[in-house]
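Below: query_23.txt (compact mmCIF, C-alpha atoms)
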```txt
# COMPACT_ATOMS: atom_id res chain seq x y z
CA MET M 212 136.54 89.32 108.32
CA GLU M 213 133.38 91.29 107.58
CA THR M 214 130.53 89.12 108.80
CA ALA M 215 127.87 91.60 107.76
CA LEU M 216 128.14 90.31 104.23
CA THR M 217 126.27 87.17 105.25
CA SER M 218 123.09 89.21 105.73
CA PRO M 219 121.15 90.49 102.76
CA LEU M 220 120.94 93.96 104.21
CA ARG M 221 122.54 94.92 107.40
CA VAL M 222 123.06 98.34 108.82
CA ILE M 223 126.30 98.95 110.57
CA ARG M 224 125.31 99.56 114.13
CA ASP M 225 126.40 98.39 117.51
CA ALA M 226 125.28 94.96 118.65
CA GLU M 227 123.57 96.21 121.77
CA ALA M 228 121.20 98.44 119.85
CA GLU M 229 120.44 95.69 117.41
CA ARG M 230 119.22 93.36 120.13
CA ARG M 231 116.72 95.92 121.38
CA GLU M 232 115.09 96.44 118.02
CA PRO M 233 112.59 94.36 116.07
CA ALA M 234 113.85 91.78 113.61
CA TRP M 235 113.02 94.03 110.69
CA SER M 236 112.67 97.74 110.31
CA VAL M 237 112.44 100.24 107.52
CA ALA M 238 115.75 101.85 106.76
CA SER M 239 115.65 105.51 107.61
CA SER M 240 117.13 108.07 105.32
CA SER M 241 118.90 109.42 108.36
CA LEU M 242 120.94 106.24 108.56
CA PRO M 243 124.26 107.09 107.05
CA ILE M 244 124.81 103.92 105.17
CA PHE M 245 123.53 100.45 104.46
CA ARG M 246 125.34 97.48 103.05
CA LEU M 247 124.38 95.52 99.98
CA ALA M 248 125.19 91.96 100.80
CA ARG M 249 125.62 90.48 97.35
CA THR M 250 127.66 93.26 95.94
CA GLY M 251 129.35 94.34 99.12
CA LYS M 252 128.78 97.95 98.09
CA THR M 253 127.63 100.56 100.51
CA THR M 254 125.10 103.21 99.64
CA PRO M 255 123.45 105.99 101.61
CA ALA M 256 119.99 104.74 102.50
CA GLY M 257 118.52 108.07 101.61
CA THR M 258 119.62 107.72 98.01
CA ALA M 259 117.67 104.56 97.52
CA GLN M 260 114.65 105.88 99.34
CA ALA M 261 114.67 109.01 97.29
CA ALA M 262 114.33 106.72 94.33
CA GLY M 263 111.08 105.50 95.82
CA MET M 264 112.36 102.20 97.11
CA VAL M 265 111.45 100.74 100.45
CA LEU M 266 114.49 99.29 102.10
CA LEU M 267 114.24 96.79 104.87
CA ILE M 268 116.99 95.97 107.21
CA GLY M 269 117.13 93.14 109.65
CA ASP M 270 117.49 89.42 110.13
CA PRO M 271 117.05 87.43 106.94
CA GLU M 272 116.06 84.40 108.98
CA GLN M 273 112.94 86.16 110.18
CA PRO M 274 109.91 86.62 107.91
CA PRO M 275 109.80 90.18 106.63
CA PRO M 276 106.85 92.31 107.68
CA ARG M 277 104.28 94.00 105.51
CA ILE M 278 104.66 97.73 105.37
CA ARG M 279 101.83 100.16 105.31
CA ARG M 280 101.85 103.53 103.62
CA ALA M 281 105.38 103.10 102.50
CA PRO M 282 106.43 105.26 99.58
CA THR M 283 106.85 103.17 96.49
CA PHE M 284 108.36 103.67 93.11
CA ALA M 285 105.05 102.67 91.55
CA THR M 286 103.20 105.51 93.20
CA ALA M 287 105.98 108.00 92.91
CA GLY M 288 105.10 108.76 89.32
CA PHE M 289 107.24 109.41 86.33
CA ARG M 290 109.16 112.42 85.19
CA GLY M 291 111.58 113.12 82.44
CA SER M 292 112.15 112.14 78.86
CA LEU M 293 112.09 108.62 77.55
CA ALA M 294 115.77 108.88 76.93
CA GLU M 295 116.33 109.39 80.61
CA ILE M 296 113.55 107.76 82.54
CA GLN M 297 113.72 108.20 86.24
CA PRO M 298 111.30 108.19 89.11
CA VAL M 299 110.38 111.45 90.74
CA GLY M 300 112.92 112.36 93.32
CA GLY M 301 116.01 110.48 92.36
CA ALA M 302 117.98 108.29 90.06
CA MET M 303 116.81 104.82 89.23
CA MET M 304 118.60 101.86 90.73
CA ARG M 305 118.21 98.49 89.12
CA SER M 306 117.59 95.37 91.13
CA SER M 307 121.03 94.12 90.19
CA GLU M 308 122.49 97.17 91.86
CA VAL M 309 120.43 96.77 94.97
CA GLY M 310 121.21 93.07 95.20
CA TYR M 311 118.16 92.21 97.24
CA PRO M 312 114.44 92.41 96.60
CA VAL M 313 112.41 95.18 98.11
CA ILE M 314 109.18 94.80 100.00
CA ASP M 315 106.14 96.81 99.10
CA GLN M 316 103.00 97.51 101.04
CA ASP M 317 100.30 96.26 98.75
CA LEU M 318 102.20 94.01 96.41
CA GLY M 319 102.50 91.31 99.00
CA PRO M 320 105.73 89.62 99.73
CA ILE M 321 108.67 90.55 97.59
CA ARG M 322 109.30 92.53 94.45
CA PRO M 323 112.33 93.71 92.54
CA ALA M 324 113.49 97.30 92.74
CA SER M 325 112.58 98.17 89.16
CA PRO M 326 109.64 97.04 87.04
CA ALA M 327 110.15 93.90 85.02
CA TRP M 328 108.53 95.58 82.04
CA LEU M 329 110.59 98.76 82.14
CA ASP M 330 113.48 97.93 79.82
CA PHE M 331 111.35 96.59 77.01
CA THR M 332 108.76 99.31 77.37
CA THR M 333 111.17 102.21 77.20
CA SER M 334 113.14 100.63 74.38
CA ARG M 335 109.99 99.96 72.39
CA LEU M 336 108.65 103.46 72.94
CA ARG M 337 111.91 104.99 71.80
CA ASN M 338 111.74 102.95 68.61
CA ILE M 339 108.14 103.95 68.03
CA LEU M 340 109.01 107.61 68.48
CA ARG M 341 111.46 107.31 65.60
CA LEU M 342 108.71 106.36 63.14
CA PRO M 343 108.25 108.98 60.43
CA ALA M 344 104.99 110.39 59.10
CA GLY M 345 103.30 107.81 56.90
CA TRP M 346 104.92 104.91 58.74
CA ASP M 347 101.83 102.76 58.09
CA THR M 348 102.31 103.21 54.30
CA TYR M 349 99.21 105.41 54.28
CA SER M 350 98.96 108.76 56.05
CA ALA M 351 99.76 108.09 59.70
CA ARG M 352 101.09 110.91 61.83
CA PRO M 353 104.41 110.37 63.58
CA PRO M 354 103.97 109.12 67.15
CA GLU M 355 104.00 111.86 69.76
CA LYS M 356 106.30 111.93 72.74
CA GLU M 357 103.54 113.17 74.99
CA ALA M 358 101.44 110.06 74.28
CA ALA M 359 104.40 107.79 74.97
CA GLU M 360 105.08 109.52 78.27
CA ARG M 361 101.44 109.20 79.29
CA ALA M 362 101.63 105.49 78.55
CA ILE M 363 104.65 104.87 80.71
CA ASP M 364 103.30 107.10 83.44
CA PHE M 365 100.14 104.99 83.41
CA LEU M 366 102.20 101.85 83.86
CA PHE M 367 104.08 103.33 86.79
CA ARG M 368 100.85 104.37 88.46
CA HIS M 369 98.78 101.23 87.84
CA HIS M 370 100.89 98.24 86.85
CA ARG M 371 102.75 95.97 89.21
CA PHE M 372 106.51 95.84 89.16
CA ALA M 373 106.20 92.15 88.35
CA GLY M 374 103.44 92.83 85.86
CA ALA M 375 103.42 91.31 82.42
CA THR M 376 105.20 93.30 79.75
CA PRO M 377 102.71 94.93 77.39
CA SER M 378 102.83 94.97 73.63
CA ILE M 379 103.07 98.55 72.42
CA VAL M 380 101.79 99.69 69.07
CA PRO M 381 101.64 103.11 67.45
CA LEU M 382 98.32 104.66 66.45
CA THR M 383 97.86 106.47 63.20
CA ASP M 384 96.82 109.68 64.96
CA GLY M 385 100.12 109.99 66.84
CA GLY M 386 99.04 108.06 69.91
CA VAL M 387 100.24 104.75 71.30
CA GLN M 388 98.41 101.70 72.59
CA LEU M 389 99.37 99.18 75.26
CA GLU M 390 98.05 95.66 74.90
CA TRP M 391 97.97 92.41 76.81
CA HIS M 392 96.46 89.22 75.43
CA ARG M 393 97.02 86.54 78.04
CA ASP M 394 95.25 84.21 80.43
CA GLY M 395 92.01 84.52 78.53
CA ILE M 396 91.70 88.28 78.66
CA ASP M 397 92.39 91.03 76.15
CA VAL M 398 93.29 94.46 77.45
CA GLU M 399 94.03 97.52 75.35
CA VAL M 400 94.83 100.95 76.72
CA VAL M 401 94.79 103.86 74.30
CA PHE M 402 96.82 107.04 74.70
CA ALA M 403 95.74 109.34 71.92
CA SER M 404 94.19 112.75 71.46
CA GLU M 405 91.09 111.56 73.28
CA PRO M 406 91.07 110.80 77.02
CA ASP M 407 92.97 107.65 77.93
CA GLY M 408 90.65 104.72 77.30
CA LEU M 409 90.68 101.03 78.08
CA TYR M 410 89.08 98.08 76.31
CA PHE M 411 88.61 94.82 78.20
CA HIS M 412 87.47 91.46 76.88
CA GLU M 413 87.23 88.17 78.69
CA GLU M 414 87.30 85.08 76.53
CA ALA M 415 85.44 82.76 78.89
CA THR M 416 82.45 84.99 79.54
CA GLY M 417 82.45 87.10 76.40
CA GLN M 418 82.31 90.19 78.58
CA GLU M 419 83.42 93.42 76.92
CA TRP M 420 83.91 96.83 78.45
CA GLU M 421 85.18 100.19 77.30
CA GLY M 422 85.78 103.24 79.42
CA PRO M 423 88.34 105.40 81.19
CA ALA M 424 91.68 103.65 81.51
CA ASP M 425 92.21 104.08 85.23
CA VAL M 426 88.63 103.01 86.01
CA GLY M 427 88.90 99.89 83.89
CA PHE M 428 92.23 98.87 85.37
CA ARG M 429 90.75 98.95 88.84
CA LEU M 430 87.33 97.58 87.90
CA PHE M 431 88.73 94.39 86.44
CA ASN M 432 91.53 94.02 88.95
CA LEU M 433 94.06 94.15 86.15
CA ARG M 434 96.88 95.00 88.50
CA GLU M 435 96.61 91.45 89.76
CA ARG M 436 95.40 89.70 86.65
CA LEU M 437 98.20 91.05 84.50
CA SER M 438 100.89 90.08 86.92
CA THR M 439 103.59 87.52 86.42
CA PRO M 440 104.75 85.41 89.34
CA LEU M 441 108.07 86.71 90.57
CA GLN M 442 110.84 84.15 90.52
CA ILE M 443 113.64 84.54 92.98
CA GLY M 444 116.77 82.55 93.03
CA GLY M 445 117.97 79.91 90.63
CA MET R 299 92.97 101.57 38.93
CA THR R 300 89.79 103.55 38.85
CA GLY R 301 86.24 102.44 39.32
CA PRO R 302 82.79 103.71 40.01
CA THR R 303 82.15 105.79 43.07
CA GLY R 304 79.48 105.04 45.64
CA PRO R 305 78.55 102.25 48.02
CA VAL R 306 80.32 98.91 47.93
CA SER R 307 78.55 95.57 47.87
CA PRO R 308 78.50 93.80 51.26
CA ASP R 309 80.03 90.73 49.65
CA THR R 310 83.09 92.57 48.43
CA GLU R 311 86.36 91.58 50.03
CA LEU R 312 88.38 94.50 51.41
CA PHE R 313 92.15 94.52 51.90
CA ARG R 314 94.44 96.76 53.88
CA ARG R 315 98.15 96.69 54.52
CA VAL R 316 99.10 96.42 58.18
CA SER R 317 102.44 97.61 59.46
CA PRO R 318 104.56 95.08 61.37
CA ASP R 319 104.58 97.67 64.15
CA GLN R 320 100.90 96.90 64.67
CA VAL R 321 101.18 93.13 64.99
CA VAL R 322 101.35 91.79 68.54
CA VAL R 323 101.69 88.48 70.35
CA ASP R 324 98.52 86.84 71.63
CA GLU R 325 99.55 84.56 74.46
CA THR R 326 96.02 83.28 75.02
CA ARG R 327 95.57 82.04 71.49
CA ARG R 328 99.28 81.41 70.90
CA CYS R 329 99.50 83.42 67.72
CA LEU R 330 100.38 86.77 66.29
CA ARG R 331 97.44 89.09 65.87
CA MET R 332 96.83 92.39 64.20
CA SER R 333 96.29 95.02 66.80
CA SER R 334 93.00 96.87 66.84
CA ALA R 335 95.24 99.92 66.54
CA ALA R 336 95.54 99.10 62.84
CA PHE R 337 91.87 99.89 62.45
CA ARG R 338 91.38 102.61 65.05
CA GLN R 339 90.85 105.61 62.84
CA SER R 340 87.93 107.56 61.50
CA GLU R 341 88.56 106.54 57.94
CA MET R 342 91.08 104.52 56.06
CA SER R 343 92.04 103.59 52.56
CA ILE R 344 91.43 100.04 51.42
CA TYR R 345 91.83 97.88 48.36
CA LEU R 346 88.70 96.43 46.78
CA GLN R 347 88.67 92.85 45.61
CA ASP R 348 86.85 93.62 42.38
CA VAL R 349 89.10 96.53 41.51
CA LEU R 350 92.19 94.40 42.01
CA ALA R 351 90.65 91.63 39.95
CA ALA R 352 89.87 94.05 37.14
CA ALA R 353 93.54 94.99 37.10
CA ASN R 354 94.57 91.33 37.08
CA ARG R 355 96.19 91.70 40.46
CA GLU R 356 96.20 89.22 43.30
CA PRO R 357 95.49 90.72 46.74
CA ALA R 358 98.98 89.73 47.88
CA SER R 359 100.43 91.97 45.21
CA VAL R 360 99.81 95.00 47.42
CA ILE R 361 102.51 93.83 49.82
CA GLU R 362 104.87 92.22 47.36
CA THR R 363 107.04 95.22 46.65
CA GLU R 364 110.28 95.54 48.56
CA ALA R 365 108.98 98.49 50.56
CA TYR R 366 106.16 96.38 51.97
CA ARG R 367 108.05 93.12 52.36
CA LYS R 368 107.51 92.97 56.12
CA HIS R 369 103.91 94.11 56.04
CA PHE R 370 100.81 92.02 56.55
CA LEU R 371 97.54 92.08 54.65
CA ALA R 372 94.21 92.21 56.46
CA ALA R 373 91.18 90.91 54.57
CA PHE R 374 87.55 91.25 55.58
CA GLN R 375 84.19 91.45 53.90
CA ALA R 376 82.51 94.81 53.51
CA ARG R 377 79.55 93.27 55.34
CA VAL R 378 81.59 93.15 58.54
CA ALA R 379 82.22 96.86 58.39
CA LEU R 380 78.65 97.66 57.39
CA ASP R 381 77.29 95.64 60.31
CA LEU R 382 79.34 97.88 62.58
CA SER R 383 77.67 100.99 61.14
CA LEU R 384 80.70 101.87 59.05
CA GLU R 385 80.47 103.30 55.60
CA VAL R 386 82.26 101.51 52.81
CA GLU R 387 82.37 103.42 49.61
CA THR R 388 84.53 104.43 46.73
CA VAL R 389 85.29 108.09 46.55
CA ALA R 390 86.56 110.10 43.65
CA TRP R 391 88.33 112.80 45.57
CA ARG R 392 91.00 110.52 46.90
CA ARG R 393 94.12 109.77 44.98
CA ARG R 394 93.72 107.55 41.97
CA GLY R 395 92.54 104.09 42.87
CA ALA R 396 92.18 104.73 46.58
CA ARG R 397 89.08 103.72 48.47
CA ARG R 398 87.65 104.64 51.80
CA CYS R 399 86.25 102.66 54.69
CA GLY R 400 84.87 105.39 56.90
CA ARG R 401 83.05 105.60 60.15
CA GLN R 402 79.66 107.25 60.16
CA GLU R 403 79.29 110.36 62.24
CA ASP R 404 77.75 109.98 65.66
CA GLN R 405 77.96 106.22 65.62
CA PRO R 406 79.52 104.29 68.47
CA ALA R 407 83.07 103.29 67.83
CA ALA R 408 83.25 99.91 66.17
CA ARG R 409 85.79 97.32 67.11
```

Could you take the file, read its structure, and then write that structure out as structure tokens?
Amino acid sequence: METALTSPLRVIRDAEAERREPAWSVASSSLPIFRLARTGKTTPAGTAQAAGMVLLIGDPEQPPPRIRRAPTFATAGFRGSLAEIQPVGGAMMRSSEVGYPVIDQDLGPIRPASPAWLDFTTSRLRNILRLPAGWDTYSARPPEKEAAERAIDFLFRHHRFAGATPSIVPLTDGGVQLEWHRDGIDVEVVFASEPDGLYFHEEATGQEWEGPADVGFRLFNLRERLSTPLQIGG
Amino acid sequence: MTGPTGPVSPDTELFRRVSPDQVVVDETRRCLRMSSAAFRQSEMSIYLQDVLAAANREPASVIETEAYRKHFLAAFQARVALDLSLEVETVAWRRRGARRCGRQEDQPAAR
């Protein structure tokens, strides 16, 4: 009987070595293999790490540690076409394939292995990119792939994995706009011919702000404020 | 529909079709809302209330054809645009019956 399947992630190693090591450690790409408890599949650790994921191995009964300076998918950036989105350095693995949440340095406790907003965002952007010239019944230009790619790159760089899914609308000049209207704030991020811009409005205070997108996202702590609590388990 | 060219009265109601692609969910206010993206351009064509009335047309008629069945209609007074330093005027050089709601040069972007 394979007892390793009772642990979420467990590297095949000898018992003596396991006792000498801390309860949790970061899987090294030099480790030949790690086991995915729920699926029972085995995958080279390096494959997952190349995809920007931080893999922890150890005792599930012990609280997992926080990791500093760990490479993350969110900071790894984006490359490729919308038809084939993948993080820099490797193929994407969905959380269902990993079978266990991944721990990230600055996101706190636990997060899934792919952004919650990714499926909708890529699907929506693909649909937007199919719009023809004049899609607004007036004289709109067709949406541009470059603007769509900047939008999703922005999300990968600034938005949490468990962040709220944005609404995405085309602009008449070929750009796209991300929007969130939730929890009393309105956020719009514009990817058009001009530099990426952000509009922020807070209902309670009436505060409004417009400026560079990356500055605004940090200034108003939108990484946190636009997050959705992660639910694990049934 | 043709009409005089020049400035439009602040009391005039303006109408513009909005694509369903530019309508988003507002979770705060629990409603659908037209995205600001629908109005984020240097100038745009609009329908004028008085011109439609002169043609015996209801505003909703501009979205009643099959091609526009899923579209929305935004309505606002010319005063709103004028207060934001936008120009609202009829122009002859556009296609027949078209009108313009344009942004003045060197003015801050209006929302």

Closest of M:Ala373, M:Leu430, M:Ala358, M:Leu382 to Pro406 of chain M - atom-to-atom distances counting all atoms listed in the file: M:Ala358

Point-to-point distance from atom CA of Asp394 of chain M to atom CA of His412 of chain M, Å rounded to tenths: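 These atoms are spaced 11.2 Å apart.
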
Restricting the calculation to only C-alpha atoms: of R:Ala376, R:Leu350, R:Val321, R:Leu312, which residue gets closest to chain M?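 Distance minimum relative to chain M lands on R:Val321.
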
Enumerate as a PDB file with C-alpha atoms, in the frame of the given file the residues belonging to chain R that approach chain M to within 10 Å, with only C-alpha atoms taken into account.
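Resulting contents of iface-v9.pdb:
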```
ATOM      1  CA  ARG R 314      94.440  96.760  53.880  1.00  0.00           C
ATOM      2  CA  ARG R 315      98.150  96.690  54.520  1.00  0.00           C
ATOM      3  CA  VAL R 316      99.100  96.420  58.180  1.00  0.00           C
ATOM      4  CA  SER R 317     102.440  97.610  59.460  1.00  0.00           C
ATOM      5  CA  PRO R 318     104.560  95.080  61.370  1.00  0.00           C
ATOM      6  CA  ASP R 319     104.580  97.670  64.150  1.00  0.00           C
ATOM      7  CA  GLN R 320     100.900  96.900  64.670  1.00  0.00           C
ATOM      8  CA  VAL R 321     101.180  93.130  64.990  1.00  0.00           C
ATOM      9  CA  VAL R 322     101.350  91.790  68.540  1.00  0.00           C
ATOM     10  CA  VAL R 323     101.690  88.480  70.350  1.00  0.00           C
ATOM     11  CA  ASP R 324      98.520  86.840  71.630  1.00  0.00           C
ATOM     12  CA  GLU R 325      99.550  84.560  74.460  1.00  0.00           C
ATOM     13  CA  THR R 326      96.020  83.280  75.020  1.00  0.00           C
ATOM     14  CA  ARG R 327      95.570  82.040  71.490  1.00  0.00           C
ATOM     15  CA  ARG R 328      99.280  81.410  70.900  1.00  0.00           C
ATOM     16  CA  ARG R 331      97.440  89.090  65.870  1.00  0.00           C
ATOM     17  CA  SER R 333      96.290  95.020  66.800  1.00  0.00           C
ATOM     18  CA  SER R 334      93.000  96.870  66.840  1.00  0.00           C
ATOM     19  CA  ALA R 335      95.240  99.920  66.540  1.00  0.00           C
ATOM     20  CA  ALA R 336      95.540  99.100  62.840  1.00  0.00           C
ATOM     21  CA  PHE R 337      91.870  99.890  62.450  1.00  0.00           C
ATOM     22  CA  ARG R 338      91.380 102.610  65.050  1.00  0.00           C
ATOM     23  CA  GLN R 339      90.850 105.610  62.840  1.00  0.00           C
ATOM     24  CA  SER R 340      87.930 107.560  61.500  1.00  0.00           C
ATOM     25  CA  MET R 342      91.080 104.520  56.060  1.00  0.00           C
ATOM     26  CA  SER R 343      92.040 103.590  52.560  1.00  0.00           C
ATOM     27  CA  ILE R 344      91.430 100.040  51.420  1.00  0.00           C
ATOM     28  CA  ALA R 365     108.980  98.490  50.560  1.00  0.00           C
ATOM     29  CA  TYR R 366     106.160  96.380  51.970  1.00  0.00           C
ATOM     30  CA  HIS R 369     103.910  94.110  56.040  1.00  0.00           C
ATOM     31  CA  ARG R 409      85.790  97.320  67.110  1.00  0.00           C
TER      32      ARG R 409
END
```

Which value, in Å to one decimal, gives the distance between atom CA of Leu346 of chain R and atom CA of Gly345 of chain M?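 Computing it gives 21.1 Å between the two atoms.
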
May I ask which of the residues M:Glu435, M:Asp425, M:Asp407, M:Glu413 is the closest one to Arg361 of chain M, counting only C-alpha atoms?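 Closest to Arg361 of chain M of all the choices is M:Asp407.
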
Provide the atom CA of Pro305 of chain R to atom CA of Ala358 of chain R distance in Å, to one decimal place.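 Calculated distance between atom CA of Pro305 of chain R and atom CA of Ala358 of chain R is 24.0 Å.
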
Best match for closeness to Val389 of chain R among R:Glu341, R:Lys368, R:Met332, R:Glu311, counting all atoms listed in the file: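 The closest residue to Val389 of chain R is R:Glu341.
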
Using all atoms listed in the file, which residues sit within 10 Å of Gly427 of chain M once same-chain residues fewer than 5 positions away are excluded, as a list in words?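 Residues meeting the cut-off are Val398, Val400, Gly408, Leu409, Tyr410, Phe411, Trp420, Glu421, Gly422, Asn432 and Leu433 of chain M.
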
Please identify all polymer residues within 10 Å of Ser307 of chain R, counting all atoms listed in the file, omitting same-chain residues fewer than 2 positions from it, and present them as a tab-separated table (two decimals) with C-alpha atoms, keeping the file's coordinate frame.
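Result saved to around.tsv:
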```tsv
chain	number	residue	atom	x	y	z
R	304	GLY	CA	79.48	105.04	45.64
R	305	PRO	CA	78.55	102.25	48.02
R	309	ASP	CA	80.03	90.73	49.65
R	310	THR	CA	83.09	92.57	48.43
R	311	GLU	CA	86.36	91.58	50.03
R	375	GLN	CA	84.19	91.45	53.90
R	376	ALA	CA	82.51	94.81	53.51
R	377	ARG	CA	79.55	93.27	55.34
R	380	LEU	CA	78.65	97.66	57.39
R	386	VAL	CA	82.26	101.51	52.81
R	387	GLU	CA	82.37	103.42	49.61
```

Please complete segment 353-367 of chain R so it has N, CA, C and O atoms, and hand it over as a PDB file, keeping the file's coordinate frame.
```pdb
ATOM      1  N   ALA R 353      92.174  94.633  37.507  1.00  0.00           N
ATOM      2  CA  ALA R 353      93.540  94.990  37.100  1.00  0.00           C
ATOM      3  C   ALA R 353      94.432  93.761  37.015  1.00  0.00           C
ATOM      4  O   ALA R 353      95.662  93.891  36.903  1.00  0.00           O
ATOM      5  N   ASN R 354      93.819  92.579  37.116  1.00  0.00           N
ATOM      6  CA  ASN R 354      94.570  91.330  37.080  1.00  0.00           C
ATOM      7  C   ASN R 354      95.625  91.262  38.177  1.00  0.00           C
ATOM      8  O   ASN R 354      96.750  90.807  37.955  1.00  0.00           O
ATOM      9  N   ARG R 355      95.255  91.730  39.331  1.00  0.00           N
ATOM     10  CA  ARG R 355      96.190  91.700  40.460  1.00  0.00           C
ATOM     11  C   ARG R 355      95.665  90.791  41.558  1.00  0.00           C
ATOM     12  O   ARG R 355      94.470  90.817  41.885  1.00  0.00           O
ATOM     13  N   GLU R 356      96.537  90.015  42.124  1.00  0.00           N
ATOM     14  CA  GLU R 356      96.200  89.220  43.300  1.00  0.00           C
ATOM     15  C   GLU R 356      96.259  90.144  44.517  1.00  0.00           C
ATOM     16  O   GLU R 356      97.060  91.093  44.532  1.00  0.00           O
ATOM     17  N   PRO R 357      95.445  89.881  45.525  1.00  0.00           N
ATOM     18  CA  PRO R 357      95.490  90.720  46.740  1.00  0.00           C
ATOM     19  C   PRO R 357      96.908  90.830  47.318  1.00  0.00           C
ATOM     20  O   PRO R 357      97.326  91.905  47.764  1.00  0.00           O
ATOM     21  N   ALA R 358      97.630  89.715  47.277  1.00  0.00           N
ATOM     22  CA  ALA R 358      98.980  89.730  47.880  1.00  0.00           C
ATOM     23  C   ALA R 358      99.925  90.688  47.162  1.00  0.00           C
ATOM     24  O   ALA R 358     100.971  91.060  47.705  1.00  0.00           O
ATOM     25  N   SER R 359      99.538  91.098  45.965  1.00  0.00           N
ATOM     26  CA  SER R 359     100.430  91.970  45.210  1.00  0.00           C
ATOM     27  C   SER R 359     100.616  93.332  45.896  1.00  0.00           C
ATOM     28  O   SER R 359     101.612  94.018  45.654  1.00  0.00           O
ATOM     29  N   VAL R 360      99.688  93.681  46.785  1.00  0.00           N
ATOM     30  CA  VAL R 360      99.810  95.000  47.420  1.00  0.00           C
ATOM     31  C   VAL R 360     100.862  95.020  48.526  1.00  0.00           C
ATOM     32  O   VAL R 360     101.161  96.080  49.085  1.00  0.00           O
ATOM     33  N   ILE R 361     101.406  93.843  48.833  1.00  0.00           N
ATOM     34  CA  ILE R 361     102.510  93.830  49.820  1.00  0.00           C
ATOM     35  C   ILE R 361     103.743  93.136  49.247  1.00  0.00           C
ATOM     36  O   ILE R 361     104.645  92.773  49.995  1.00  0.00           O
ATOM     37  N   GLU R 362     103.751  92.962  47.948  1.00  0.00           N
ATOM     38  CA  GLU R 362     104.870  92.220  47.360  1.00  0.00           C
ATOM     39  C   GLU R 362     106.062  93.084  47.009  1.00  0.00           C
ATOM     40  O   GLU R 362     107.145  92.571  46.753  1.00  0.00           O
ATOM     41  N   THR R 363     105.890  94.379  46.972  1.00  0.00           N
ATOM     42  CA  THR R 363     107.040  95.220  46.650  1.00  0.00           C
ATOM     43  C   THR R 363     108.009  95.240  47.822  1.00  0.00           C
ATOM     44  O   THR R 363     107.641  94.960  48.965  1.00  0.00           O
ATOM     45  N   GLU R 364     109.236  95.586  47.549  1.00  0.00           N
ATOM     46  CA  GLU R 364     110.280  95.540  48.560  1.00  0.00           C
ATOM     47  C   GLU R 364     109.934  96.423  49.762  1.00  0.00           C
ATOM     48  O   GLU R 364     110.198  96.069  50.908  1.00  0.00           O
ATOM     49  N   ALA R 365     109.307  97.552  49.485  1.00  0.00           N
ATOM     50  CA  ALA R 365     108.980  98.490  50.560  1.00  0.00           C
ATOM     51  C   ALA R 365     107.987  97.891  51.562  1.00  0.00           C
ATOM     52  O   ALA R 365     107.949  98.289  52.729  1.00  0.00           O
ATOM     53  N   TYR R 366     107.198  96.945  51.109  1.00  0.00           N
ATOM     54  CA  TYR R 366     106.160  96.380  51.970  1.00  0.00           C
ATOM     55  C   TYR R 366     106.460  94.923  52.338  1.00  0.00           C
ATOM     56  O   TYR R 366     105.577  94.187  52.756  1.00  0.00           O
ATOM     57  N   ARG R 367     107.685  94.523  52.186  1.00  0.00           N
ATOM     58  CA  ARG R 367     108.050  93.120  52.360  1.00  0.00           C
ATOM     59  C   ARG R 367     107.694  92.582  53.742  1.00  0.00           C
ATOM     60  O   ARG R 367     107.322  91.421  53.887  1.00  0.00           O
TER      61      ARG R 367
END
```
